[in-house]
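K.L.:
Enclosed is the structure file upload_29.cif (mmCIF, C-alpha atoms and all ligand atoms).
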data_protein
loop_
_atom_site.label_atom_id
_atom_site.label_comp_id
_atom_site.auth_asym_id
_atom_site.auth_seq_id
_atom_site.Cartn_x
_atom_site.Cartn_y
_atom_site.Cartn_z
CA MET A 1 -34.55 -24.20 -41.90
CA PHE A 2 -32.55 -25.53 -39.01
CA SER A 3 -29.42 -25.59 -41.16
CA ARG A 4 -29.21 -21.85 -40.54
CA LEU A 5 -27.99 -22.54 -37.03
CA PRO A 6 -24.54 -24.03 -36.45
CA LYS A 7 -23.52 -26.54 -33.82
CA LEU A 8 -22.14 -24.63 -30.84
CA PRO A 9 -18.76 -25.42 -29.27
CA ALA A 10 -18.90 -27.53 -26.11
CA ASP A 11 -18.77 -25.81 -22.74
CA PRO A 12 -15.09 -26.05 -21.70
CA LEU A 13 -15.93 -26.94 -18.08
CA LEU A 14 -18.27 -29.74 -19.19
CA GLY A 15 -15.52 -30.94 -21.52
CA LEU A 16 -13.31 -31.38 -18.46
CA ILE A 17 -15.89 -33.76 -16.94
CA GLY A 18 -15.47 -36.14 -19.88
CA LEU A 19 -11.68 -35.91 -19.82
CA TYR A 20 -11.64 -36.60 -16.08
CA ARG A 21 -14.04 -39.54 -16.39
CA ASP A 22 -11.87 -41.18 -19.06
CA ASP A 23 -8.59 -40.58 -17.20
CA THR A 24 -7.25 -43.88 -15.81
CA ASN A 25 -4.66 -42.35 -13.46
CA PRO A 26 -5.62 -43.56 -9.92
CA ASN A 27 -4.33 -40.25 -8.49
CA LYS A 28 -6.59 -38.07 -10.63
CA VAL A 29 -8.16 -35.05 -8.91
CA ASP A 30 -11.22 -33.14 -10.14
CA LEU A 31 -11.12 -29.48 -9.17
CA GLY A 32 -13.25 -28.37 -12.13
CA VAL A 33 -16.98 -28.54 -11.64
CA GLY A 34 -18.37 -26.27 -8.92
CA VAL A 35 -20.31 -28.59 -6.65
CA TYR A 36 -19.56 -29.32 -3.01
CA ARG A 37 -17.96 -32.72 -2.41
CA ASP A 38 -17.24 -34.59 0.80
CA GLU A 39 -13.98 -36.33 1.71
CA GLN A 40 -15.02 -39.27 -0.49
CA GLY A 41 -15.66 -36.98 -3.45
CA HIS A 42 -19.41 -37.48 -3.18
CA THR A 43 -22.09 -34.77 -3.36
CA ALA A 44 -24.36 -36.33 -0.75
CA ILE A 45 -27.95 -35.34 0.06
CA MET A 46 -27.84 -33.50 3.40
CA THR A 47 -29.49 -35.47 6.21
CA SER A 48 -31.74 -32.53 7.09
CA VAL A 49 -32.88 -32.51 3.45
CA GLN A 50 -33.51 -36.26 3.52
CA LYS A 51 -35.70 -35.85 6.61
CA ALA A 52 -37.59 -32.97 4.99
CA GLN A 53 -38.14 -35.17 1.93
CA GLN A 54 -39.67 -37.84 4.15
CA ILE A 55 -41.98 -35.33 5.83
CA HIS A 56 -42.98 -33.96 2.46
CA LEU A 57 -43.70 -37.43 1.11
CA GLU A 58 -46.01 -38.13 4.03
CA THR A 59 -47.81 -34.80 4.00
CA GLU A 60 -48.15 -33.69 0.38
CA ASP A 61 -51.71 -34.42 -0.70
CA SER A 62 -51.97 -32.68 -4.06
CA LYS A 63 -49.94 -31.82 -7.12
CA THR A 64 -52.09 -28.91 -8.14
CA TYR A 65 -50.34 -25.69 -9.08
CA ILE A 66 -48.82 -23.59 -6.37
CA GLY A 67 -49.37 -19.84 -6.69
CA PRO A 68 -47.14 -17.52 -8.72
CA VAL A 69 -45.13 -16.56 -5.61
CA GLY A 70 -43.98 -20.16 -5.15
CA VAL A 71 -44.08 -21.79 -1.73
CA PRO A 72 -44.93 -18.84 0.58
CA GLY A 73 -43.08 -20.33 3.59
CA PHE A 74 -39.99 -20.71 1.42
CA VAL A 75 -40.07 -17.13 0.18
CA ASN A 76 -40.60 -15.74 3.69
CA GLY A 77 -37.93 -18.04 5.11
CA ILE A 78 -35.39 -16.87 2.52
CA LYS A 79 -36.15 -13.18 3.14
CA SER A 80 -35.32 -13.72 6.83
CA LEU A 81 -32.33 -15.94 6.12
CA VAL A 82 -30.72 -13.36 3.87
CA LEU A 83 -31.85 -10.06 5.36
CA GLY A 84 -32.43 -11.12 8.99
CA ALA A 85 -35.72 -11.99 10.70
CA GLN A 86 -35.94 -8.52 12.23
CA ALA A 87 -34.92 -6.61 9.10
CA GLN A 88 -36.89 -3.40 8.78
CA ALA A 89 -37.33 -3.82 5.04
CA VAL A 90 -38.95 -7.22 5.68
CA THR A 91 -41.23 -6.13 8.53
CA ASP A 92 -42.21 -2.99 6.60
CA GLY A 93 -43.29 -5.11 3.63
CA ARG A 94 -40.75 -3.50 1.30
CA ILE A 95 -39.53 -6.79 -0.24
CA ALA A 96 -41.27 -8.19 -3.31
CA ALA A 97 -40.18 -11.82 -3.79
CA ILE A 98 -40.83 -14.95 -5.81
CA GLN A 99 -39.44 -18.45 -5.76
CA THR A 100 -37.47 -19.11 -8.95
CA PRO A 101 -35.99 -22.09 -10.81
CA GLY A 102 -32.58 -21.90 -9.11
CA GLY A 103 -30.36 -18.88 -8.69
CA CYS A 104 -30.12 -18.75 -12.48
CA GLY A 105 -33.89 -18.31 -12.71
CA ALA A 106 -33.67 -15.44 -10.23
CA LEU A 107 -30.84 -13.80 -12.16
CA ARG A 108 -32.68 -14.13 -15.44
CA VAL A 109 -35.96 -12.70 -14.14
CA ALA A 110 -33.97 -9.94 -12.47
CA ALA A 111 -32.30 -9.11 -15.78
CA GLU A 112 -35.67 -8.90 -17.51
CA PHE A 113 -36.98 -6.78 -14.66
CA ILE A 114 -34.08 -4.35 -15.13
CA HIS A 115 -34.76 -4.29 -18.87
CA ARG A 116 -38.38 -3.45 -18.12
CA LEU A 117 -37.26 -0.60 -15.84
CA ASP A 118 -35.14 0.84 -18.63
CA LYS A 119 -33.85 -1.06 -21.64
CA ASP A 120 -30.79 1.18 -21.80
CA MET A 121 -29.48 0.16 -18.39
CA THR A 122 -25.93 -1.22 -18.23
CA VAL A 123 -25.18 -4.05 -15.83
CA TRP A 124 -21.66 -3.93 -14.39
CA VAL A 125 -20.12 -7.23 -13.37
CA SER A 126 -16.87 -7.90 -11.54
CA ASP A 127 -13.74 -8.69 -13.56
CA PRO A 128 -13.79 -11.66 -13.51
CA THR A 129 -17.24 -12.95 -12.70
CA TRP A 130 -19.10 -16.26 -12.84
CA ALA A 131 -19.20 -17.12 -16.55
CA ASN A 132 -22.97 -17.67 -16.62
CA HIS A 133 -23.72 -14.10 -15.50
CA VAL A 134 -22.94 -12.90 -18.99
CA PRO A 135 -25.46 -14.98 -21.03
CA LEU A 136 -28.13 -14.70 -18.32
CA ILE A 137 -28.00 -10.91 -18.40
CA ARG A 138 -27.21 -10.41 -22.06
CA SER A 139 -30.09 -12.64 -23.19
CA ALA A 140 -32.47 -10.22 -21.52
CA GLY A 141 -31.20 -7.55 -23.92
CA LEU A 142 -29.03 -5.61 -21.49
CA GLU A 143 -25.56 -4.27 -22.06
CA ILE A 144 -22.84 -5.69 -19.81
CA LYS A 145 -19.59 -4.04 -18.78
CA SER A 146 -17.10 -5.04 -16.14
CA TYR A 147 -15.61 -3.15 -13.21
CA PRO A 148 -12.09 -3.86 -11.90
CA TYR A 149 -12.25 -6.31 -9.02
CA PHE A 150 -9.57 -8.95 -8.65
CA ASP A 151 -5.91 -8.16 -8.12
CA ALA A 152 -4.06 -11.13 -9.60
CA ALA A 153 -0.81 -10.06 -7.94
CA THR A 154 -2.16 -10.38 -4.39
CA GLY A 155 -5.19 -12.65 -4.83
CA ASP A 156 -7.35 -10.03 -3.08
CA VAL A 157 -9.90 -7.44 -4.18
CA ASP A 158 -8.42 -4.22 -5.58
CA TYR A 159 -11.08 -2.05 -4.01
CA GLU A 160 -9.54 1.31 -4.89
CA LYS A 161 -9.66 0.46 -8.59
CA MET A 162 -13.20 -0.86 -8.25
CA ASP A 163 -14.23 2.30 -6.43
CA GLN A 164 -12.79 4.51 -9.18
CA GLN A 165 -15.18 2.84 -11.60
CA LEU A 166 -18.17 2.96 -9.25
CA ALA A 167 -17.56 6.69 -8.78
CA GLN A 168 -18.30 7.20 -12.47
CA LEU A 169 -21.62 5.35 -12.55
CA GLY A 170 -25.10 6.82 -12.38
CA PRO A 171 -28.82 6.01 -12.38
CA LYS A 172 -28.62 4.12 -15.67
CA ASP A 173 -26.22 1.61 -14.15
CA VAL A 174 -26.73 -1.58 -12.18
CA VAL A 175 -23.85 -3.04 -10.18
CA LEU A 176 -23.90 -6.81 -9.75
CA LEU A 177 -22.09 -7.87 -6.57
CA HIS A 178 -21.34 -11.34 -5.25
CA GLY A 179 -22.87 -11.49 -1.75
CA CYS A 180 -20.08 -13.74 -0.46
CA CYS A 181 -17.68 -16.49 -1.60
CA HIS A 182 -16.92 -14.83 -4.93
CA ASN A 183 -17.11 -17.18 -7.90
CA PRO A 184 -14.58 -17.71 -9.48
CA THR A 185 -11.88 -16.03 -7.37
CA GLY A 186 -12.81 -16.56 -3.70
CA ALA A 187 -11.74 -12.93 -3.08
CA ASP A 188 -14.51 -11.27 -1.07
CA LEU A 189 -15.39 -7.68 -0.29
CA SER A 190 -14.72 -6.71 3.33
CA PHE A 191 -17.46 -5.20 5.47
CA GLU A 192 -15.80 -1.81 5.04
CA HIS A 193 -15.96 -2.26 1.26
CA TRP A 194 -19.71 -2.95 1.52
CA GLN A 195 -20.10 0.25 3.52
CA ARG A 196 -18.23 2.20 0.87
CA ILE A 197 -20.29 0.63 -1.93
CA THR A 198 -23.44 1.64 -0.05
CA GLU A 199 -22.20 5.24 0.12
CA ARG A 200 -21.36 5.20 -3.57
CA ALA A 201 -24.76 3.77 -4.51
CA ASN A 202 -26.47 6.57 -2.60
CA GLN A 203 -24.15 9.23 -4.05
CA GLN A 204 -24.20 8.07 -7.65
CA GLY A 205 -27.70 6.59 -7.84
CA PHE A 206 -26.78 3.22 -9.37
CA LEU A 207 -28.88 0.19 -8.51
CA PRO A 208 -27.18 -2.54 -6.41
CA PHE A 209 -27.93 -6.10 -7.53
CA VAL A 210 -26.59 -8.86 -5.26
CA ASP A 211 -26.14 -12.48 -6.32
CA ILE A 212 -25.79 -14.71 -3.30
CA ALA A 213 -25.29 -18.39 -4.04
CA TYR A 214 -23.04 -19.50 -1.15
CA GLN A 215 -24.53 -18.14 2.08
CA GLY A 216 -23.12 -20.19 4.96
CA LEU A 217 -20.17 -21.60 3.02
CA GLY A 218 -17.77 -18.82 4.00
CA ASP A 219 -17.69 -17.54 7.59
CA GLY A 220 -21.22 -18.56 8.62
CA LEU A 221 -24.84 -17.86 7.77
CA ASP A 222 -24.97 -14.40 9.37
CA ASP A 223 -21.38 -13.28 8.84
CA ASP A 224 -21.54 -14.07 5.13
CA VAL A 225 -24.39 -11.61 4.61
CA LYS A 226 -23.24 -8.85 6.95
CA GLY A 227 -22.34 -6.62 4.00
CA VAL A 228 -25.53 -7.41 2.09
CA ARG A 229 -27.62 -6.57 5.16
CA TRP A 230 -25.78 -3.26 5.60
CA LEU A 231 -26.47 -2.42 1.98
CA SER A 232 -30.14 -3.36 2.31
CA GLU A 233 -30.53 -1.29 5.48
CA ASN A 234 -28.97 1.76 3.92
CA VAL A 235 -30.25 1.97 0.35
CA LYS A 236 -33.84 2.41 -0.74
CA GLU A 237 -33.85 0.04 -3.68
CA MET A 238 -31.92 -3.06 -4.60
CA ILE A 239 -32.27 -6.51 -6.14
CA ILE A 240 -31.15 -9.82 -4.62
CA ALA A 241 -30.92 -13.21 -6.34
CA THR A 242 -30.33 -16.23 -4.10
CA SER A 243 -29.74 -19.91 -4.67
CA CYS A 244 -30.27 -22.97 -2.47
CA SER A 245 -28.20 -25.17 -4.78
CA LYS A 246 -25.07 -25.12 -2.63
CA ASN A 247 -26.13 -24.38 0.95
CA PHE A 248 -29.01 -26.88 0.88
CA GLY A 249 -27.38 -29.08 -1.77
CA LEU A 250 -30.54 -28.82 -3.89
CA TYR A 251 -28.76 -28.34 -7.22
CA ARG A 252 -31.08 -30.36 -9.43
CA GLU A 253 -34.25 -29.22 -7.68
CA ARG A 254 -33.73 -25.72 -9.09
CA THR A 255 -34.49 -23.71 -5.98
CA GLY A 256 -33.83 -19.99 -5.81
CA CYS A 257 -35.45 -16.73 -4.85
CA LEU A 258 -35.62 -13.26 -6.38
CA MET A 259 -36.13 -10.32 -4.03
CA VAL A 260 -36.76 -6.75 -5.06
CA GLN A 261 -36.42 -4.20 -2.28
CA ALA A 262 -38.58 -1.14 -2.91
CA GLU A 263 -38.73 2.25 -1.25
CA ASN A 264 -42.09 1.59 0.41
CA LYS A 265 -44.76 -1.07 0.78
CA GLN A 266 -46.94 0.29 -1.99
CA GLN A 267 -44.07 0.14 -4.50
CA ALA A 268 -43.12 -3.33 -3.30
CA GLU A 269 -46.68 -4.48 -4.01
CA ALA A 270 -46.41 -3.06 -7.51
CA MET A 271 -43.00 -4.75 -8.04
CA GLN A 272 -44.50 -8.03 -6.84
CA THR A 273 -46.94 -7.91 -9.75
CA GLN A 274 -44.08 -7.11 -12.13
CA VAL A 275 -41.84 -10.02 -11.15
CA GLN A 276 -44.78 -12.42 -11.15
CA ASP A 277 -45.72 -11.18 -14.60
CA LEU A 278 -42.15 -11.76 -15.85
CA ALA A 279 -42.06 -15.26 -14.36
CA ARG A 280 -45.38 -16.03 -16.02
CA ALA A 281 -44.05 -14.94 -19.40
CA ASN A 282 -41.00 -17.19 -18.98
CA TYR A 283 -42.03 -20.41 -17.28
CA SER A 284 -45.33 -19.62 -15.57
CA MET A 285 -44.26 -20.66 -12.10
CA SER A 286 -41.31 -22.19 -10.32
CA PRO A 287 -40.97 -25.89 -9.54
CA ALA A 288 -42.21 -26.29 -5.96
CA TYR A 289 -40.39 -29.27 -4.50
CA GLY A 290 -37.14 -27.62 -3.37
CA GLY A 291 -39.13 -24.76 -1.87
CA PHE A 292 -41.19 -27.19 0.20
CA LEU A 293 -38.01 -28.81 1.52
CA VAL A 294 -36.37 -25.51 2.47
CA ASP A 295 -39.61 -24.26 4.04
CA THR A 296 -39.82 -27.45 6.13
CA ILE A 297 -36.20 -27.14 7.27
CA LEU A 298 -36.29 -23.43 8.08
CA HIS A 299 -39.54 -23.70 10.05
CA ASN A 300 -38.76 -26.78 12.11
CA ASP A 301 -36.36 -26.02 15.00
CA ALA A 302 -34.73 -29.45 15.09
CA LEU A 303 -34.28 -29.71 11.32
CA ARG A 304 -33.02 -26.16 11.06
CA ALA A 305 -30.42 -26.80 13.75
CA GLU A 306 -29.36 -29.99 11.97
CA TRP A 307 -29.09 -28.21 8.62
CA GLN A 308 -27.05 -25.38 10.15
CA GLN A 309 -24.67 -27.89 11.66
CA GLU A 310 -24.27 -29.76 8.37
CA LEU A 311 -23.64 -26.51 6.53
CA ALA A 312 -21.13 -25.36 9.17
CA ASN A 313 -19.35 -28.71 8.79
CA MET A 314 -19.11 -28.18 5.04
CA ALA A 315 -17.65 -24.69 5.52
CA THR A 316 -15.20 -26.00 8.13
CA ARG A 317 -14.07 -28.74 5.77
CA VAL A 318 -13.41 -26.23 3.00
CA LYS A 319 -11.42 -24.00 5.39
CA ALA A 320 -9.39 -26.96 6.60
CA LEU A 321 -8.61 -27.94 2.99
CA ARG A 322 -7.49 -24.38 2.27
CA ALA A 323 -5.17 -24.45 5.29
CA GLY A 324 -3.94 -27.94 4.44
CA LEU A 325 -3.20 -27.06 0.82
CA LEU A 326 -1.29 -23.93 1.80
CA GLU A 327 0.72 -25.90 4.36
CA GLN A 328 1.69 -28.47 1.73
CA ILE A 329 2.55 -25.77 -0.80
CA ASN A 330 4.78 -24.07 1.77
CA ALA A 331 6.40 -27.40 2.60
CA GLN A 332 7.25 -27.79 -1.11
CA GLY A 333 9.02 -24.42 -1.06
CA ILE A 334 7.26 -23.00 -4.12
CA ASP A 335 8.48 -19.49 -5.02
CA LYS A 336 5.06 -18.08 -5.84
CA ASP A 337 3.13 -16.68 -2.86
CA PHE A 338 -0.04 -18.73 -2.41
CA SER A 339 -1.00 -17.24 0.97
CA PHE A 340 -4.21 -15.88 -0.62
CA ILE A 341 -5.62 -19.42 -0.48
CA THR A 342 -6.45 -19.07 3.21
CA ARG A 343 -7.62 -15.45 2.88
CA GLN A 344 -10.14 -16.35 0.20
CA LYS A 345 -13.63 -17.59 1.06
CA GLY A 346 -15.94 -20.33 -0.08
CA MET A 347 -15.44 -23.11 -2.56
CA PHE A 348 -13.35 -21.37 -5.20
CA SER A 349 -9.89 -19.95 -5.66
CA TYR A 350 -7.91 -18.78 -8.62
CA LEU A 351 -4.54 -20.50 -8.31
CA GLY A 352 -3.03 -17.79 -10.48
CA ILE A 353 -1.10 -20.19 -12.72
CA ASN A 354 -1.08 -19.66 -16.48
CA PRO A 355 -3.02 -21.74 -19.06
CA GLU A 356 0.14 -23.62 -20.02
CA GLN A 357 0.68 -24.61 -16.38
CA VAL A 358 -3.01 -25.56 -16.05
CA LYS A 359 -2.55 -27.81 -19.07
CA ARG A 360 0.53 -29.43 -17.56
CA MET A 361 -1.32 -30.03 -14.29
CA ARG A 362 -3.98 -31.86 -16.29
CA GLU A 363 -1.84 -33.73 -18.81
CA GLU A 364 1.11 -34.70 -16.60
CA PHE A 365 -0.57 -35.03 -13.21
CA SER A 366 -4.28 -35.64 -13.96
CA ILE A 367 -5.30 -32.62 -11.87
CA TYR A 368 -8.25 -30.98 -13.56
CA MET A 369 -9.22 -27.31 -13.26
CA ALA A 370 -10.68 -24.56 -15.45
CA ASP A 371 -8.28 -22.84 -17.87
CA SER A 372 -8.54 -19.70 -15.75
CA SER A 373 -6.93 -21.77 -12.94
CA ARG A 374 -10.13 -21.65 -10.91
CA VAL A 375 -10.17 -24.59 -8.54
CA ASN A 376 -13.04 -26.04 -6.54
CA ILE A 377 -11.41 -26.41 -3.12
CA ALA A 378 -14.15 -28.87 -2.09
CA GLY A 379 -12.87 -31.20 -4.83
CA LEU A 380 -9.72 -31.76 -2.72
CA ASN A 381 -9.44 -34.29 0.10
CA THR A 382 -6.89 -34.75 2.86
CA HIS A 383 -5.13 -37.54 0.93
CA CYS A 384 -4.46 -35.60 -2.27
CA LEU A 385 -3.16 -32.33 -0.78
CA GLU A 386 0.48 -33.36 -0.90
CA TYR A 387 0.12 -34.69 -4.45
CA VAL A 388 -1.51 -31.47 -5.66
CA ALA A 389 1.14 -29.34 -3.93
CA SER A 390 4.06 -31.40 -5.28
CA SER A 391 2.56 -31.27 -8.78
CA LEU A 392 2.26 -27.49 -8.45
CA LYS A 393 5.90 -27.36 -7.44
CA LYS A 394 6.88 -29.23 -10.59
CA VAL A 395 4.78 -26.93 -12.75
CA CYS A 396 5.63 -23.62 -11.04
CA GLY A 397 9.22 -24.35 -10.08
N1 LIG B 1 -24.54 -17.34 -8.90
C1 LIG B 1 -23.33 -17.87 -8.74
C2 LIG B 1 -22.18 -16.95 -8.51
C3 LIG B 1 -23.14 -19.25 -8.83
O1 LIG B 1 -21.91 -19.74 -8.68
C4 LIG B 1 -24.25 -20.08 -9.05
C5 LIG B 1 -24.10 -21.57 -9.09
N2 LIG B 1 -23.01 -22.06 -9.73
C6 LIG B 1 -25.52 -19.48 -9.19
C7 LIG B 1 -25.62 -18.11 -9.09
C8 LIG B 1 -26.81 -20.18 -9.44
O2 LIG B 1 -26.92 -21.49 -9.34
P1 LIG B 1 -28.24 -22.32 -9.52
O3 LIG B 1 -28.99 -21.79 -10.70
O4 LIG B 1 -27.75 -23.69 -9.71
O5 LIG B 1 -29.05 -22.16 -8.27
#
Can the structure from this file be put into C-alpha cells for me?
Ligand code: PMP
P.N.:
Amino acid sequence: MFSRLPKLPADPLLGLIGLYRDDTNPNKVDLGVGVYRDEQGHTAIMTSVQKAQQIHLETEDSKTYIGPVGVPGFVNGIKSLVLGAQAQAVTDGRIAAIQTPGGCGALRVAAEFIHRLDKDMTVWVSDPTWANHVPLIRSAGLEIKSYPYFDAATGDVDYEKMDQQLAQLGPKDVVLLHGCCHNPTGADLSFEHWQRITERANQQGFLPFVDIAYQGLGDGLDDDVKGVRWLSENVKEMIIATSCSKNFGLYRERTGCLMVQAENKQQAEAMQTQVQDLARANYSMSPAYGGFLVDTILHNDALRAEWQQELANMATRVKALRAGLLEQINAQGIDKDFSFITRQKGMFSYLGINPEQVKRMREEFSIYMADSSRVNIAGLNTHCLEYVASSLKKVCG
C-alpha cells in the first residue's frame, strides 16, 4: 500500500546544511539556516534560560498533564509581552489564548480555526513570505493567495501596491502579516503602514492575522510590536501567533502561543473553547517545558532583566553586522545599491542577487545562502565580513 506514495524531494535549505558540513574550505560561511548564532557561530542557550532551567529542575514535582491552556503563567506573560501589560483587550478579557508547540503549532491551529469559521476563507500572505506558511495554512484546507509586498528594486516594502490589493479584500479574507523582522526579506512595515492596514481592515472587514516570531530582535521588545499593538487596539477581532524559538532561543522546546482577540469577553470565552478543542484534536496539549521556562523568566524581575539584556545584545550584534557588511560592500565599490541592508530589520535580508550568482557564491567562495538570496545576517561574524563583501564584488562586478 505504501508504494502509492513517492519519496519527496529534500528540503533545499536542509540540503544546504549537508553541503556546508562537507565543505572543507576553512573560509566557509553559513548564511542559510535561520537560527541566531553568536560571533563563534554557536547557538548558545541564553544564561537567563539556563538559570530558569535550574529553578525548574529544583521545583518541578510532577509530570502529570498540564491543562489544555498550557502553562497559565506563560500564556498570561506572552499576552502582556506582545500586547502590553496594560492593554485594554487583555484587561477586558478579550484574548483567548493557548500555549502551542512552537510558532508553527500556533499557525497551524490558527489555520484550522479560520477553516472552522468559514472553510471558504482565503488567507493572503506577503509576496514573498516564510516558506512554511504555505503548507501550514494549506494543510488546514484553506486557499492561499499572495499580496504584493517586497520591492526588489529598493529592498523596501511597496506599500502602495500592497494597499491596492488590501482595498479589494472583504470579510471572506484573512491577511497574514509579519509582526516584525519580516522573514525572508527583512523589509518591515512602518508604523504608518500598520495604521493604514488597521483602517483598511475596518473598512473592508478582512481579518488580520499576525505572525510574530522575532519580537525583540529588531528595534526592541516594545518598538517591534508598536504596529501590532495599534492594530489590536483599533480592530475588534484578530489572530496572533507567536514563537519563543528565537527571542528565548527555545527552538527545540517548541514553545509558542496562539491568541484570538474577540469583540467581547463572552466571545473570547467561546473562542477559548474552540482553540482548545482544535488543539485537542491535533496533539491534545502542548509540551510544557518551554512554557515553564518563559513563565519563570517573565515573572522574576532579575531573570527578566537578564533576558532582556541578552536579547538586546543579540539585536545589537545583528545591527552591527548589517552596518559592517554594508561598510565592506561600499569599500569594495560594488555597483549594485545594497543600502537596504541597514534599513532592513531582524535576522534576514534578501541580497537581491540572482540564482546563478547565489550558486557562484556557494561553489567558488563557499558562502551558503538560500536560492532566493535570503541570508541569515546572524550567520556572519566580524572576521568574515570583508571576505563576503569581496566575494560579492567578484560575483556582482
Ligand atoms: N513564523 C516565522 C516567520 C518564522 O520565521 C518562524 C521560525 N522560523 C516561525 C513562525 C515559527 O517557528 P517555530 O515553530 O520554530 O516556533
K.L.:
Please list as a list in words every residue within 10 Å of A:Val125, counting all atoms listed in the file and excluding residues in the same chain fewer than 3 positions away.
P.N.:
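Answer for this query is Thr122, Pro128, Thr129, Trp130, His133, Val134, Ile144, Lys145, Ser146, Tyr147, Pro148, Tyr149, Val174, Val175, Leu176, Leu177, His178 and Phe209 of chain A.
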K.L.:
Per residue of chain A within 10 Å of ligand LIG 1 (chain B), record the nearest atom pair and its distance in Å to one decimal, counting only C-alpha atoms and all ligand atoms, with rows in chain order and ascending residue number, as JSON lines.
P.N.:
{"residue": "A:Val33", "atom": "CA", "partner": "B:LIG1", "partner_atom": "N2", "distance": 9.1}
{"residue": "A:Gly34", "atom": "CA", "partner": "B:LIG1", "partner_atom": "N2", "distance": 6.3}
{"residue": "A:Val35", "atom": "CA", "partner": "B:LIG1", "partner_atom": "N2", "distance": 7.7}
{"residue": "A:Thr100", "atom": "CA", "partner": "B:LIG1", "partner_atom": "O5", "distance": 9.0}
{"residue": "A:Pro101", "atom": "CA", "partner": "B:LIG1", "partner_atom": "O3", "distance": 7.0}
{"residue": "A:Gly102", "atom": "CA", "partner": "B:LIG1", "partner_atom": "O5", "distance": 3.6}
{"residue": "A:Gly103", "atom": "CA", "partner": "B:LIG1", "partner_atom": "O5", "distance": 3.6}
{"residue": "A:Cys104", "atom": "CA", "partner": "B:LIG1", "partner_atom": "O3", "distance": 3.7}
{"residue": "A:Gly105", "atom": "CA", "partner": "B:LIG1", "partner_atom": "O3", "distance": 6.3}
{"residue": "A:Ala106", "atom": "CA", "partner": "B:LIG1", "partner_atom": "O3", "distance": 7.9}
{"residue": "A:Leu107", "atom": "CA", "partner": "B:LIG1", "partner_atom": "C7", "distance": 7.4}
{"residue": "A:Arg108", "atom": "CA", "partner": "B:LIG1", "partner_atom": "O3", "distance": 9.7}
{"residue": "A:Thr129", "atom": "CA", "partner": "B:LIG1", "partner_atom": "C2", "distance": 7.6}
{"residue": "A:Trp130", "atom": "CA", "partner": "B:LIG1", "partner_atom": "C2", "distance": 5.4}
{"residue": "A:Ala131", "atom": "CA", "partner": "B:LIG1", "partner_atom": "C2", "distance": 8.6}
{"residue": "A:Asn132", "atom": "CA", "partner": "B:LIG1", "partner_atom": "N1", "distance": 7.9}
{"residue": "A:His133", "atom": "CA", "partner": "B:LIG1", "partner_atom": "N1", "distance": 7.4}
{"residue": "A:Leu177", "atom": "CA", "partner": "B:LIG1", "partner_atom": "C2", "distance": 9.3}
{"residue": "A:His178", "atom": "CA", "partner": "B:LIG1", "partner_atom": "C2", "distance": 6.5}
{"residue": "A:Gly179", "atom": "CA", "partner": "B:LIG1", "partner_atom": "C2", "distance": 8.7}
{"residue": "A:Cys180", "atom": "CA", "partner": "B:LIG1", "partner_atom": "C2", "distance": 8.9}
{"residue": "A:Cys181", "atom": "CA", "partner": "B:LIG1", "partner_atom": "C2", "distance": 8.3}
{"residue": "A:His182", "atom": "CA", "partner": "B:LIG1", "partner_atom": "C2", "distance": 6.7}
{"residue": "A:Asn183", "atom": "CA", "partner": "B:LIG1", "partner_atom": "C2", "distance": 5.1}
{"residue": "A:Pro184", "atom": "CA", "partner": "B:LIG1", "partner_atom": "O1", "distance": 7.6}
{"residue": "A:Val210", "atom": "CA", "partner": "B:LIG1", "partner_atom": "N1", "distance": 9.5}
{"residue": "A:Asp211", "atom": "CA", "partner": "B:LIG1", "partner_atom": "N1", "distance": 5.7}
{"residue": "A:Ile212", "atom": "CA", "partner": "B:LIG1", "partner_atom": "N1", "distance": 6.3}
{"residue": "A:Ala213", "atom": "CA", "partner": "B:LIG1", "partner_atom": "N1", "distance": 5.0}
{"residue": "A:Tyr214", "atom": "CA", "partner": "B:LIG1", "partner_atom": "O1", "distance": 7.6}
{"residue": "A:Ala241", "atom": "CA", "partner": "B:LIG1", "partner_atom": "C7", "distance": 7.7}
{"residue": "A:Thr242", "atom": "CA", "partner": "B:LIG1", "partner_atom": "C7", "distance": 7.1}
{"residue": "A:Ser243", "atom": "CA", "partner": "B:LIG1", "partner_atom": "O5", "distance": 4.3}
{"residue": "A:Cys244", "atom": "CA", "partner": "B:LIG1", "partner_atom": "O5", "distance": 6.0}
{"residue": "A:Ser245", "atom": "CA", "partner": "B:LIG1", "partner_atom": "O5", "distance": 4.7}
{"residue": "A:Lys246", "atom": "CA", "partner": "B:LIG1", "partner_atom": "C5", "distance": 7.4}
{"residue": "A:Asn247", "atom": "CA", "partner": "B:LIG1", "partner_atom": "O5", "distance": 9.9}
{"residue": "A:Gly249", "atom": "CA", "partner": "B:LIG1", "partner_atom": "O4", "distance": 9.6}
{"residue": "A:Leu250", "atom": "CA", "partner": "B:LIG1", "partner_atom": "O5", "distance": 8.1}
{"residue": "A:Tyr251", "atom": "CA", "partner": "B:LIG1", "partner_atom": "O4", "distance": 5.4}
{"residue": "A:Arg252", "atom": "CA", "partner": "B:LIG1", "partner_atom": "O4", "distance": 7.5}
{"residue": "A:Glu253", "atom": "CA", "partner": "B:LIG1", "partner_atom": "O4", "distance": 8.8}
{"residue": "A:Arg254", "atom": "CA", "partner": "B:LIG1", "partner_atom": "O5", "distance": 5.9}
{"residue": "A:Thr255", "atom": "CA", "partner": "B:LIG1", "partner_atom": "O5", "distance": 6.1}
{"residue": "A:Gly256", "atom": "CA", "partner": "B:LIG1", "partner_atom": "O5", "distance": 5.8}
{"residue": "A:Cys257", "atom": "CA", "partner": "B:LIG1", "partner_atom": "O5", "distance": 9.1}
{"residue": "A:Met347", "atom": "CA", "partner": "B:LIG1", "partner_atom": "O1", "distance": 9.5}
{"residue": "A:Phe348", "atom": "CA", "partner": "B:LIG1", "partner_atom": "O1", "distance": 9.4}
K.L.:
Find, counting only C-alpha atoms, the residue in A:Leu231, A:Ala279, A:Ile45, A:Val388 that gets nearest to A:Ala87.
P.N.:
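Closest to A:Ala87, using only C-alpha atoms: A:Leu231.
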K.L.:
Using only C-alpha atoms, which of the listed residues (A:Val29, A:Thr185, A:Leu166, A:Tyr159) sits closest to A:Val123?
P.N.:
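Of all the options, A:Leu166 lies closest to A:Val123.
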K.L.:
Which residue gives the smallest distance to A:Ser232 among A:Leu325, A:Glu263, A:Ser48, A:Cys396, with all atoms listed in the file counted?
P.N.:
A:Glu263
